[in-house]
Amino acid sequence: MDKLMNQLRAQLLENPAVEIKDTAGWSIPVNIYDASFVRVKRSKMDILIKMMLLAFEETDIRRAANLTEMLLVDELFIDDLMKKMQRWGLIRLEKSIFKLTGKGREQLESGIIEEELDEEWTELFYSAAHDEFWSEKSNETETDKEWSVYRYEQVGELDKDDERILEVLSEQENRLDENDFQTIVAHVHRFEKRTVEYAPCLEFQLYNKDQDIFYARVWNTCLERWDDKLEKQIEEEERVEWRKRWMEEKEETE
Amino acid sequence: MKAINKTYRCPLVLTNKAKDKMEGLGIERSFFSLEKSFRIYIEKYPQTEDRPLSVAMYFDYLENKQVAATYEGLVVILHCVVEKDRFIVTNVTTKSARASIRTNWRQSVDLTFDLTAQRGALVPLDFLSLLHDMPIAEESSSYVKKRIASWEGYLNIQERAADIPDMVTRYSGLTFNGDFSRVTITGCQLGEKEWKSLKGLSVKLKGLDQDIGKVLKAKRSAGTVEVELNKVMEQQAREQRLDLPQKEIVFSNFAALSQVKRLRQGFKHLEQGLAANPELEQLLFENKPPVQPLKKIAPVTFHNQLNDFQREAVAGAIAAEDLYAIQGPPGTGKTTVISEICLQNARAGLRTLVASQSNLAVDNALGRLLQNKDIRILRVGRTESIEEEGKKFIEENVGQYWKDHTLQEVSTQFSERQKREQDLETEWAENEREQAQLKPVLARLEQEIEAKKKAVKQWDDLDSVIKEHRVNVDQAVKEEQQVKAEIDELEQTLLGLTEAIEKDDTFLRDEPEPCRLEKEIEDHQQRMQELRQSIAVLELDDKIRERKKSLDQAKAESEKLAETIRQTDELIAKVTDAKQVDSLRWMILEQKLERSMELQQLFQEIKDIREEMSQFLKLKDYHDTLTKAISFVEQRLTEHRIPVAPIQQRAKNALNAYTAEDIDQFIEELRMKLKGQQLSAQMLAADLEGLYRRRHFVRQKGERLTSFETNKQAAIDVFGKIKQKMLNQVQYKQRGNHSSHEKYKQEMNAENAELQSMQEKLEHMLKTSHRIPNAQEQLPQMEEKVVELEGKIEQYMGVQAHLEANREKEEEERSRLHLEKEKLGEIEEQLEQWRSVIKEKEQEQAPIQELLETEPEKEHEERLKQMVSLSYKWDSLKREQERLPVFQKIQGQWLSLLEEANEHDLEEIRKLYVKHANVIGTTCVASARKDFIDSYPEFDVVIIDEVSKATPPELLLPMLKGKKIILVGDHHQLPPLLGNDTLEETLQEMADDDDNFEGKVELKKLLKESLFERLFKNLPTTNKTMLAIQYRMHENIMEAIAPFYEQENDRLQCGLPDSDSERDHLLESSLVQRENHLLWLDIPNEAGFFEERMKGGKSLYNTAELKRIEQLLTELDEATAEAKEAGRMRSDEMKSIGVISFYGEQVKKIDRLIHQELRLNHLTIRTGTVDRFQGMEMDVILLSMVRNHDQKQADIGFANDYRRLNVALSRAKEMLVLIGSTRMFIEKAKQADTRQMYKHVLDTVKKQDGLRTLEGVVQYG
């Protein structure tokens, strides 16, 4: 950790105008959640086509306008797709009503059928300070000592918002295979906080004397990057204070 | 140019050169039979004296399928000379089929080629005349060139600045600034020239694909380059991924150069006639844009809430055929108008391009378009430069956008229909109930109608009886009236008669009787007899007196004549004895004899004869003198023995004329000569000749005159004639005298006899009568009296007769009257009878009438209608009931599908959406990108927003694509920005960088002319509108900018119904009261408050103003906190404040101040130059004016531009605070206009009690 600290310090001081006024080390809590979910496998079929096939099956459609009225989709789109479907042999006119052909029915069935896969399990990492899920917590940097917790850490639990979790999982787990099949997260079964780990951060309080500017730099070891969210939070809270403090000190030394 | 569908036959021959060329290009002779007919685009070359009509024929690549298949990717061009009977191909070339060959000056025709034609078979005449009428290609392009020369200047400057080769260098390190928005690259090694051209170049690190940003500043001395990082690079920098091992950097100007190239391409396309609207050149460059008249459109139904100006703009933009301009002052709802136009276009099936100079403006406009299924918005451009509002419209997101929108609509309808299900049930029941209620009502009404029908029949029967009687009554009444009138008349006549009789009676009683009057007349007549005789006597007296008098006159006359006769006899004797003409003449005068023509002629004759005789005598004198002289000289010459005969002969032949003086003088001279000296023979001969000549002349003249004797005899004859004539005259007179004398004598005898008889008569008369004086007067009086008396007698008799007659008449009338009265009685009796019948029948009708007056049919009809509509409704409810579950089921499925849909499921939709997109948004420059042109070669309508902020070449790019162009802008706001700087800054920099910078003047000229301003001013009113109602500013703030729009047709108005409540800033502090919306914090114009300049920098800043801004922001933050505490604002609300300045350096300083020194928890602050802020709005605006100095030669720089001030003043919704020296701007500014402009602002501020001086602030400092 010290090595990293020195490395970063050297990097910051590459700019001759920059003075490091203060440094600190602390950590942010990362909540680790266990999530179990089910994915389904289904053919990749455009929803509008699927819906139209369904509609032909369900009711009498004479012209595109009938569908537009029901689906509230532009007639141009419907018309376009109906022509395509006729070309592909999915529908045909029978006594001036569109009916599914055998091929059409087949397609519809394959589009509807969903194969449910076995339940799966994964970990989700959530930082309250960022209000963000991180896909993976990469570096297991060890904390030498018991560092204090980030001073502006948000207290409170994550709202158990199913939709958000489904969204996060979908983003992580949805797949598309070559055979026009996709596997999609369908439901979340379980979502539970398992533990909290602490990600160390290194904070630098900087002064650029050329521009007369104070600012913060925070290295997030977990994300392996300068963390703008944390920097901003600190700057917003403390920057005016820093100026007061360092300027008074400067006057005193002078 | 429109396509011509007619196919022409075209006789063609090829020159040998053309044949060789074809072979060289691999085109076979069978080429001309590849198609049945060819679609050709013909271009006409300019015709000159030595060049006949010649054209180029372009074979269309798309239409000529066989040609395209055979010669893939090539357009074949035949260059021909046109003759009357054939086209001669002189050359054959090809060009790439990628570029369009359709231009505005090429005419499309269909041709069949005839290579076997004999000479003499003519080219079709209409084809030739079509060629004749075509425009010449180069004419239009040179026309454009001339007009756009000034635009070229701009491009030249840009091009020169852009033409920089790539530079590569190693570097030692990268240091990032606080928020990773900039990086300083250290240890760069570049050439001296390279350092100078670094600014603005894009920067690429070796080992990384993307550019990292643009050069902001290059410091050669330090070897550092400061780069502004692209937004996406921030993440990479934070992750330290920019720390690459290669340590090599590339500076390139590729992006800028390609942009300039695109602008240049736009020009080319315009020149090549590739604009979607063929009139574009004229529309842009003519003084008066030749716009088409507006089409007639049906009244527009608007989907947005629009004010009158906005409606006018939308309707105008729809009706315009080619060009429409909308001027939108700040906050007037331009975007709403654009949104409405897009929707209207979409509904009409038109495709619209929304373009603007900046990505931000495009995204703003798209973001505010109405969400409607008819509008399919697509945002085209580089994803990273598109703002949040526009992101959802980029190609990869439109599927999602469509899904969200459709999901919302479907779920709204779905839940509405769920509610509907219950309503439907109740409606159904209600309907049935109503139908049940209605049925008995209908039955009753039908019965009533039946009853009414019967009543009508009864009524009609009665009515016919009544009518019959009425007719009788009417007739009788008429008769009755006639009789009554008759009676009246008779009574009137009788009354008149009685009166007349009475009057006559009275007369006869009062007047004397006729016998008495007759006696009186007799007396009068006797007296009259006497008077008449007396008058006769008196008249005779007078006549006798007269006779006597005329007898005396005749006597006197007779004596006078006797005297005349005697005198005349004497005259005759005198004339007879006269010897001389003159004595005759005298007698004529004396006796006043008539001077007849004949007589006068005779006198003249005598006078002429006398004159001629005297002339003859004179000539004879000269002849004698000359002859004497001649004989003298002859004698002398004979002495000298000189013969004179030849001399005489010579003289005879000469033709001279001489006057008397000549001859006198000659002889006098000769005499003198002879007397004086000895003369030579020659001289004498000469003199002699002179003499001869003169004598000869005299002789000739003499010969011409009549001889003297003849004349004398003639004179005597004439004299005799005159005498005879005069005698004749006098004797004639004398005869007259004699006869007159005789007449008088006879007259006297007659008179005497008459007188005698009269006197006898008088004596006789006096025996019976005597002379009565005044008889003459008395007689007429007497006569009058007699006439009067006779009249009286006549009158008396007349009255008597009249009386008699009247009495008879009276009797007669009385008996008639009696008869009439009897008749009247009869009629009245009859009438009474009939009337009572009528009354009876009418009474019978009355009860029926009531029944008739009811209208069961009407009600029946209404009820029936009700019934029909109920049953119709019942049907439709039934249908709905049937359909509802189907709809609900399908929409339910649809909803769940939509909810579940992921991006793979939307792929097809996305494609459809892109295919059918009808509102495309992109920046001006991006609209010229190759891929964009390929996807969207043309638009029905091009809307360009914020026109005034784009340069003309930029505007041209989207304009080229539109059949119709709608320009939206405001020329009272700022012109284009160049890069990060204002125009003036850029110009200054260019001038500083290069002392020989020639383009400056050129560019300045271009910047002065705003394309939009010129178009807006010159377009007819039908093709433009100013949106004159603003909704942004509190009306007090608006007052400050009102003068900028005073020249326009409409005044700028405030559309907020109540500014005070809708633009209440809710803040209260010691400086700002609730009612303050416009403030000016005055800064003293003295040292300590003056502007400053950065060392080595150009831009200005003002520390004193910074201090005030700091104080003011703190105060506003506190005031906002207080407003929240007092419950005027929500606790999570933020006041948005913009701090702006004319100067970039000041903005930097303000930025630093806000970030570094202030902690403002209740304010959202944005900073920027005024130029950057155009298009934005904030609750509160603080304007730092910076300029403040006491230098005589310096002015106030950028602040002079009224457009900049307009933008600065029009950003605030609730409150605007100016911070600057009033004295500097109102008194010290150089230009009078500027001072006036700021004075208006100050006056407005003062009127609103908004001026604050420094003392007021110090206490908070």
# chains A, B, ... in the order shown; residues from 1 in each chain; ligands from 1
>>> residues_around(residues="region 111-125 of chain A", least_positions_apart="3", cutoff="8 Å", atoms="only C-alpha atoms", output="list in words")
Val30, Asn31, Ile32, Tyr33, Asp34, Ala35, Ser36, Phe37, Val38, Arg39, Val40, Lys41, Arg42, Ser43, Lys44, Met45, Lys50, Gln107, Leu108, Phe133, Trp134, Ser135, Glu136 and Lys137 of chain A
>>> closest_atom_pairs(of="chain B", to="chain A", cutoff="8 Å", atoms="only C-alpha atoms", output="CSV")
residue,atom,partner,partner_atom,distance
B:Gly173,CA,A:Glu14,CA,7.9
B:Thr175,CA,A:Asn15,CA,5.9
B:Gly178,CA,A:Tyr215,CA,6.0
B:Asp179,CA,A:Asp228,CA,7.8
B:Arg238,CA,A:Trp226,CA,4.8
B:Glu239,CA,A:Arg225,CA,4.3
B:Gln240,CA,A:Arg225,CA,7.0
B:Lys373,CA,A:Asp74,CA,6.5
B:Asp374,CA,A:Asp74,CA,6.9
B:Thr406,CA,A:Leu72,CA,6.8
B:Glu409,CA,A:Leu72,CA,7.2
B:Val410,CA,A:Leu72,CA,6.6
B:Val886,CA,A:Thr59,CA,7.2
B:Phe887,CA,A:Met70,CA,6.3
B:Ile890,CA,A:Ala55,CA,6.6
B:Gln891,CA,A:Leu71,CA,6.5
B:Gln893,CA,A:Met51,CA,7.6
B:Trp894,CA,A:Met51,CA,6.3
B:Leu897,CA,A:Ile47,CA,6.5
B:Leu898,CA,A:Ile47,CA,7.2
B:Ala901,CA,A:Ile47,CA,7.0
B:His904,CA,A:Lys44,CA,6.9
B:Asp905,CA,A:Asp46,CA,4.4
B:Leu906,CA,A:Asp46,CA,5.8
B:Glu907,CA,A:Asp46,CA,6.5
B:Glu908,CA,A:Asp46,CA,5.9
B:Ile909,CA,A:Leu48,CA,7.1
B:Leu912,CA,A:Phe77,CA,6.3
B:Tyr913,CA,A:Phe77,CA,7.8
B:His916,CA,A:Leu76,CA,7.7
B:Arg1152,CA,A:Ile213,CA,7.4
B:Gln1156,CA,A:Ile213,CA,6.2
B:Glu1157,CA,A:Val240,CA,5.4
B:Leu1158,CA,A:Val240,CA,6.3
B:Arg1159,CA,A:Val240,CA,6.5
>>> write_last_selection(atoms="C-alpha atoms", output="PDB file, in the first residue's frame")
ATOM      1  CA  GLY B 173       4.673  12.841 -19.366  1.00  0.00           C
ATOM      2  CA  THR B 175      -0.334  15.751 -16.029  1.00  0.00           C
ATOM      3  CA  GLY B 178      -8.294  18.696 -11.140  1.00  0.00           C
ATOM      4  CA  ASP B 179     -11.301  17.280 -12.905  1.00  0.00           C
ATOM      5  CA  ARG B 238      -8.846   8.171 -14.320  1.00  0.00           C
ATOM      6  CA  GLU B 239      -8.058   4.527 -14.929  1.00  0.00           C
ATOM      7  CA  GLN B 240      -4.565   5.582 -15.992  1.00  0.00           C
ATOM      8  CA  LYS B 373     -46.693   7.945 -33.014  1.00  0.00           C
ATOM      9  CA  ASP B 374     -46.756   9.772 -36.325  1.00  0.00           C
ATOM     10  CA  THR B 406     -45.633   2.502 -27.388  1.00  0.00           C
ATOM     11  CA  GLU B 409     -49.678   4.498 -25.014  1.00  0.00           C
ATOM     12  CA  VAL B 410     -50.788   0.893 -24.891  1.00  0.00           C
ATOM     13  CA  VAL B 886     -60.334  -9.450 -27.741  1.00  0.00           C
ATOM     14  CA  PHE B 887     -58.684  -6.060 -27.560  1.00  0.00           C
ATOM     15  CA  ILE B 890     -54.311  -8.802 -27.358  1.00  0.00           C
ATOM     16  CA  GLN B 891     -53.189  -5.581 -25.736  1.00  0.00           C
ATOM     17  CA  GLN B 893     -50.220  -9.800 -24.474  1.00  0.00           C
ATOM     18  CA  TRP B 894     -48.723  -6.871 -26.258  1.00  0.00           C
ATOM     19  CA  LEU B 897     -44.235  -8.550 -24.643  1.00  0.00           C
ATOM     20  CA  LEU B 898     -43.251  -4.918 -24.639  1.00  0.00           C
ATOM     21  CA  ALA B 901     -38.562  -6.836 -24.656  1.00  0.00           C
ATOM     22  CA  HIS B 904     -32.593  -8.063 -29.557  1.00  0.00           C
ATOM     23  CA  ASP B 905     -36.379  -8.204 -29.612  1.00  0.00           C
ATOM     24  CA  LEU B 906     -36.471  -4.680 -30.939  1.00  0.00           C
ATOM     25  CA  GLU B 907     -34.066  -5.167 -33.788  1.00  0.00           C
ATOM     26  CA  GLU B 908     -36.746  -5.320 -36.466  1.00  0.00           C
ATOM     27  CA  ILE B 909     -38.585  -2.368 -35.006  1.00  0.00           C
ATOM     28  CA  LEU B 912     -38.398  -0.161 -39.488  1.00  0.00           C
ATOM     29  CA  TYR B 913     -38.127   2.983 -37.445  1.00  0.00           C
ATOM     30  CA  HIS B 916     -39.560   5.242 -41.873  1.00  0.00           C
ATOM     31  CA  ARG B1152     -12.612  29.440 -10.130  1.00  0.00           C
ATOM     32  CA  GLN B1156     -12.762  27.168  -5.039  1.00  0.00           C
ATOM     33  CA  GLU B1157     -13.969  29.810  -2.677  1.00  0.00           C
ATOM     34  CA  LEU B1158     -17.697  29.546  -2.327  1.00  0.00           C
ATOM     35  CA  ARG B1159     -19.955  26.891  -1.036  1.00  0.00           C
TER      36      ARG B1159
END
>>> residues_around(residues="Val1207 (chain B)", least_positions_apart="4", cutoff="12 Å", atoms="only C-alpha atoms", output="VMD selection string")
chain B and resid 329 to 331 970 to 975 1038 1040 to 1041 1044 1140 to 1142 1169 to 1177 1181 1183 1199 1201 to 1203 1211 to 1212
>>> write_last_selection(atoms="N, CA and C atoms", output="compact mmCIF listing (two decimals), in the first residue's frame")
# COMPACT_ATOMS: atom_id res chain seq x y z
N PRO B 329 -37.26 36.10 -31.49
CA PRO B 329 -36.54 36.75 -30.40
C PRO B 329 -36.48 35.81 -29.18
N PRO B 330 -35.67 36.15 -28.18
CA PRO B 330 -35.47 35.24 -27.04
C PRO B 330 -36.78 34.83 -26.39
N GLY B 331 -36.90 33.52 -26.14
CA GLY B 331 -38.02 33.01 -25.36
C GLY B 331 -39.36 33.05 -26.06
N ASP B 970 -32.66 34.62 -35.26
CA ASP B 970 -32.89 35.98 -34.80
C ASP B 970 -31.62 36.78 -35.06
N HIS B 971 -31.71 37.68 -36.04
CA HIS B 971 -30.48 38.41 -36.39
C HIS B 971 -30.15 39.50 -35.38
N HIS B 972 -31.03 39.66 -34.39
CA HIS B 972 -30.66 40.59 -33.33
C HIS B 972 -29.89 39.90 -32.22
N GLN B 973 -29.62 38.61 -32.43
CA GLN B 973 -28.73 37.93 -31.49
C GLN B 973 -27.41 37.68 -32.19
N LEU B 974 -26.50 36.99 -31.49
CA LEU B 974 -25.11 36.98 -31.98
C LEU B 974 -24.88 36.12 -33.21
N PRO B 975 -23.94 36.55 -34.04
CA PRO B 975 -23.52 35.78 -35.21
C PRO B 975 -22.66 34.58 -34.78
N MET B 1038 -37.89 42.20 -19.86
CA MET B 1038 -38.12 42.34 -21.31
C MET B 1038 -38.00 43.80 -21.75
N ALA B 1040 -35.93 45.88 -21.06
CA ALA B 1040 -34.55 46.25 -21.37
C ALA B 1040 -34.17 45.93 -22.81
N ILE B 1041 -34.78 44.88 -23.39
CA ILE B 1041 -34.39 44.52 -24.77
C ILE B 1041 -35.40 44.99 -25.80
N PHE B 1044 -34.44 46.73 -29.16
CA PHE B 1044 -33.75 46.00 -30.23
C PHE B 1044 -34.74 45.51 -31.29
N ILE B 1140 -22.52 35.41 -16.19
CA ILE B 1140 -21.98 35.55 -17.54
C ILE B 1140 -21.20 36.84 -17.67
N SER B 1141 -20.37 36.88 -18.69
CA SER B 1141 -19.56 38.09 -18.90
C SER B 1141 -19.25 38.23 -20.37
N PHE B 1142 -18.92 39.46 -20.76
CA PHE B 1142 -18.49 39.69 -22.15
C PHE B 1142 -17.11 39.09 -22.39
N THR B 1169 -19.36 32.76 -21.29
CA THR B 1169 -19.38 34.06 -21.96
C THR B 1169 -20.80 34.28 -22.47
N VAL B 1170 -21.09 35.52 -22.73
CA VAL B 1170 -22.42 35.86 -23.27
C VAL B 1170 -22.66 35.06 -24.54
N ASP B 1171 -21.63 34.98 -25.36
CA ASP B 1171 -21.78 34.29 -26.64
C ASP B 1171 -22.16 32.82 -26.45
N ARG B 1172 -21.52 32.19 -25.47
CA ARG B 1172 -21.79 30.79 -25.18
C ARG B 1172 -23.20 30.59 -24.63
N PHE B 1173 -23.72 31.60 -23.99
CA PHE B 1173 -25.00 31.46 -23.31
C PHE B 1173 -26.19 31.64 -24.22
N GLN B 1174 -25.92 32.04 -25.46
CA GLN B 1174 -27.05 32.23 -26.38
C GLN B 1174 -27.84 30.94 -26.47
N GLY B 1175 -29.16 31.05 -26.35
CA GLY B 1175 -30.01 29.86 -26.42
C GLY B 1175 -30.36 29.29 -25.06
N MET B 1176 -29.62 29.72 -24.01
CA MET B 1176 -29.91 29.19 -22.67
C MET B 1176 -30.79 30.14 -21.90
N GLU B 1177 -31.40 29.60 -20.82
CA GLU B 1177 -32.14 30.48 -19.92
C GLU B 1177 -31.92 30.02 -18.48
N ILE B 1181 -29.78 35.83 -13.71
CA ILE B 1181 -28.54 36.04 -14.46
C ILE B 1181 -27.76 37.19 -13.82
N LEU B 1183 -24.64 39.57 -14.78
CA LEU B 1183 -23.81 39.93 -15.94
C LEU B 1183 -22.66 40.81 -15.47
N ALA B 1199 -18.53 44.91 -25.90
CA ALA B 1199 -19.80 45.36 -25.33
C ALA B 1199 -20.49 46.36 -26.25
N ASP B 1201 -21.40 45.74 -29.30
CA ASP B 1201 -22.33 45.05 -30.22
C ASP B 1201 -23.69 44.91 -29.57
N TYR B 1202 -24.71 45.53 -30.17
CA TYR B 1202 -26.03 45.48 -29.55
C TYR B 1202 -26.55 44.06 -29.47
N ARG B 1203 -26.11 43.23 -30.40
CA ARG B 1203 -26.60 41.85 -30.40
C ARG B 1203 -26.09 41.11 -29.17
N ARG B 1211 -31.42 36.42 -21.02
CA ARG B 1211 -31.24 35.05 -20.55
C ARG B 1211 -32.04 34.76 -19.28
N ALA B 1212 -32.38 35.81 -18.53
CA ALA B 1212 -32.95 35.62 -17.20
C ALA B 1212 -34.46 35.52 -17.24
>>> residues_around(residues="region 85-96 of chain A", least_positions_apart="5", cutoff="9 Å", atoms="only C-alpha atoms", output="ChimeraX atom specification")
/A:49,53,56,61-63,80,101-107
>>> closest_residue(among="A:Gln154, A:Thr221, A:Gln233, A:Thr253", to="Leu8 (chain A)", atoms="only C-alpha atoms")
A:Thr221
>>> residues_around(residues="Lys1024 (chain B)", least_positions_apart="4", cutoff="8 Å", atoms="only C-alpha atoms", output="PyMOL selection string")
chain B and resi 313+316+324-327+1016+1019-1020
>>> residues_around(residues="region 662-677 of chain B", least_positions_apart="4", cutoff="9 Å", atoms="only C-alpha atoms", output="NGL selection string")
:B and (622 or 625-626 or 629 or 658 or 687 or 690-691 or 694)
>>> write_last_selection(atoms="N, CA and C atoms", output="CSV table (one decimal), in the first residue's frame")
chain,number,residue,atom,x,y,z
B,622,TYR,N,-29.2,115.1,-124.5
B,622,TYR,CA,-28.0,114.3,-124.3
B,622,TYR,C,-27.4,114.0,-125.6
B,625,THR,N,-25.7,117.0,-127.1
B,625,THR,CA,-24.4,117.3,-126.4
B,625,THR,C,-23.4,116.3,-126.9
B,626,LEU,N,-23.7,115.0,-126.8
B,626,LEU,CA,-22.8,113.9,-127.2
B,626,LEU,C,-22.3,114.1,-128.7
B,629,ALA,N,-19.9,116.8,-128.9
B,629,ALA,CA,-18.6,116.4,-128.4
B,629,ALA,C,-17.9,115.4,-129.4
B,658,TYR,N,-25.9,103.2,-119.1
B,658,TYR,CA,-25.4,104.4,-118.4
B,658,TYR,C,-26.5,105.2,-117.8
B,687,ASP,N,-11.6,108.0,-125.5
B,687,ASP,CA,-12.7,108.9,-125.1
B,687,ASP,C,-13.8,108.9,-126.2
B,690,GLY,N,-15.7,106.0,-125.8
B,690,GLY,CA,-16.7,106.2,-124.6
B,690,GLY,C,-17.9,107.0,-125.1
B,691,LEU,N,-17.6,108.1,-125.9
B,691,LEU,CA,-18.7,108.9,-126.3
B,691,LEU,C,-19.6,108.1,-127.2
B,694,ARG,N,-21.8,105.9,-125.4
B,694,ARG,CA,-22.9,106.5,-124.7
B,694,ARG,C,-23.9,107.1,-125.7
>>> atom_distance(atom1="CA of Ser596 (chain B)", atom2="CA of Ser583 (chain B)")
17.4 Å
>>> residues_around(residues="region 515-531 of chain B", least_positions_apart="4", cutoff="7 Å", atoms="only C-alpha atoms", output="PyMOL selection string")
chain B and resi 535+775+779+782+786+789
>>> write_last_selection(atoms="N, CA and C atoms", output="compact mmCIF listing (two decimals), in the first residue's frame")
# COMPACT_ATOMS: atom_id res chain seq x y z
N ILE B 535 -115.38 115.73 -82.54
CA ILE B 535 -114.03 115.22 -82.82
C ILE B 535 -113.73 115.31 -84.30
N ALA B 775 -113.51 116.44 -75.87
CA ALA B 775 -114.37 115.39 -76.44
C ALA B 775 -113.58 114.10 -76.58
N LEU B 779 -115.11 110.56 -74.66
CA LEU B 779 -115.71 109.49 -75.45
C LEU B 779 -115.39 108.08 -74.90
N MET B 782 -117.21 107.21 -71.71
CA MET B 782 -118.62 106.97 -71.98
C MET B 782 -118.81 105.55 -72.51
N VAL B 786 -120.92 102.21 -70.95
CA VAL B 786 -121.95 101.49 -71.69
C VAL B 786 -121.67 99.99 -71.65
N LEU B 789 -122.50 98.46 -68.33
CA LEU B 789 -123.94 98.31 -68.12
C LEU B 789 -124.48 97.12 -68.90
>>> select_by_dssp(residues="region 5-184 of chain A", states="strand (DSSP E)", output="MDAnalysis selection string")
chainID A and resid 18:43 91:94 97:100 114:127 132:134 175:176 181:184
>>> decode(residues="region 15-56 of chain A", atoms="C-alpha atoms", output="CSV table (one decimal), in the first residue's frame")
chain,number,residue,atom,x,y,z
A,15,ASN,CA,3.2,18.7,-12.3
A,16,PRO,CA,5.5,21.3,-10.7
A,17,ALA,CA,2.6,23.6,-9.8
A,18,VAL,CA,1.0,21.0,-7.6
A,19,GLU,CA,1.5,20.8,-3.9
A,20,ILE,CA,0.2,17.9,-1.8
A,21,LYS,CA,-1.3,19.5,1.2
A,22,ASP,CA,-2.5,16.3,3.0
A,23,THR,CA,-3.0,12.6,2.4
A,24,ALA,CA,-5.2,10.1,4.0
A,25,GLY,CA,-6.1,6.4,3.8
A,26,TRP,CA,-9.6,5.0,4.5
A,27,SER,CA,-11.9,2.5,3.1
A,28,ILE,CA,-15.4,2.3,1.7
A,29,PRO,CA,-17.8,-0.5,2.5
A,30,VAL,CA,-18.8,-2.8,-0.4
A,31,ASN,CA,-21.9,-4.8,0.2
A,32,ILE,CA,-21.8,-8.3,-1.2
A,33,TYR,CA,-25.2,-9.7,-2.2
A,34,ASP,CA,-26.0,-13.3,-3.1
A,35,ALA,CA,-28.5,-13.4,-6.0
A,36,SER,CA,-30.1,-16.5,-7.3
A,37,PHE,CA,-32.1,-16.3,-10.5
A,38,VAL,CA,-33.6,-18.2,-13.4
A,39,ARG,CA,-32.8,-17.7,-17.0
A,40,VAL,CA,-35.0,-18.8,-19.9
A,41,LYS,CA,-33.9,-19.7,-23.4
A,42,ARG,CA,-36.0,-18.6,-26.3
A,43,SER,CA,-35.7,-18.0,-29.9
A,44,LYS,CA,-34.8,-14.5,-31.0
A,45,MET,CA,-37.9,-13.1,-32.5
A,46,ASP,CA,-38.9,-9.5,-33.0
A,47,ILE,CA,-41.7,-8.6,-30.6
A,48,LEU,CA,-43.8,-6.9,-33.2
A,49,ILE,CA,-43.7,-9.9,-35.5
A,50,LYS,CA,-44.5,-12.2,-32.6
A,51,MET,CA,-47.4,-10.0,-31.6
A,52,MET,CA,-48.8,-9.8,-35.1
A,53,LEU,CA,-48.6,-13.6,-35.4
A,54,LEU,CA,-50.5,-13.8,-32.1
A,55,ALA,CA,-53.1,-11.4,-33.3
A,56,PHE,CA,-53.7,-13.2,-36.6
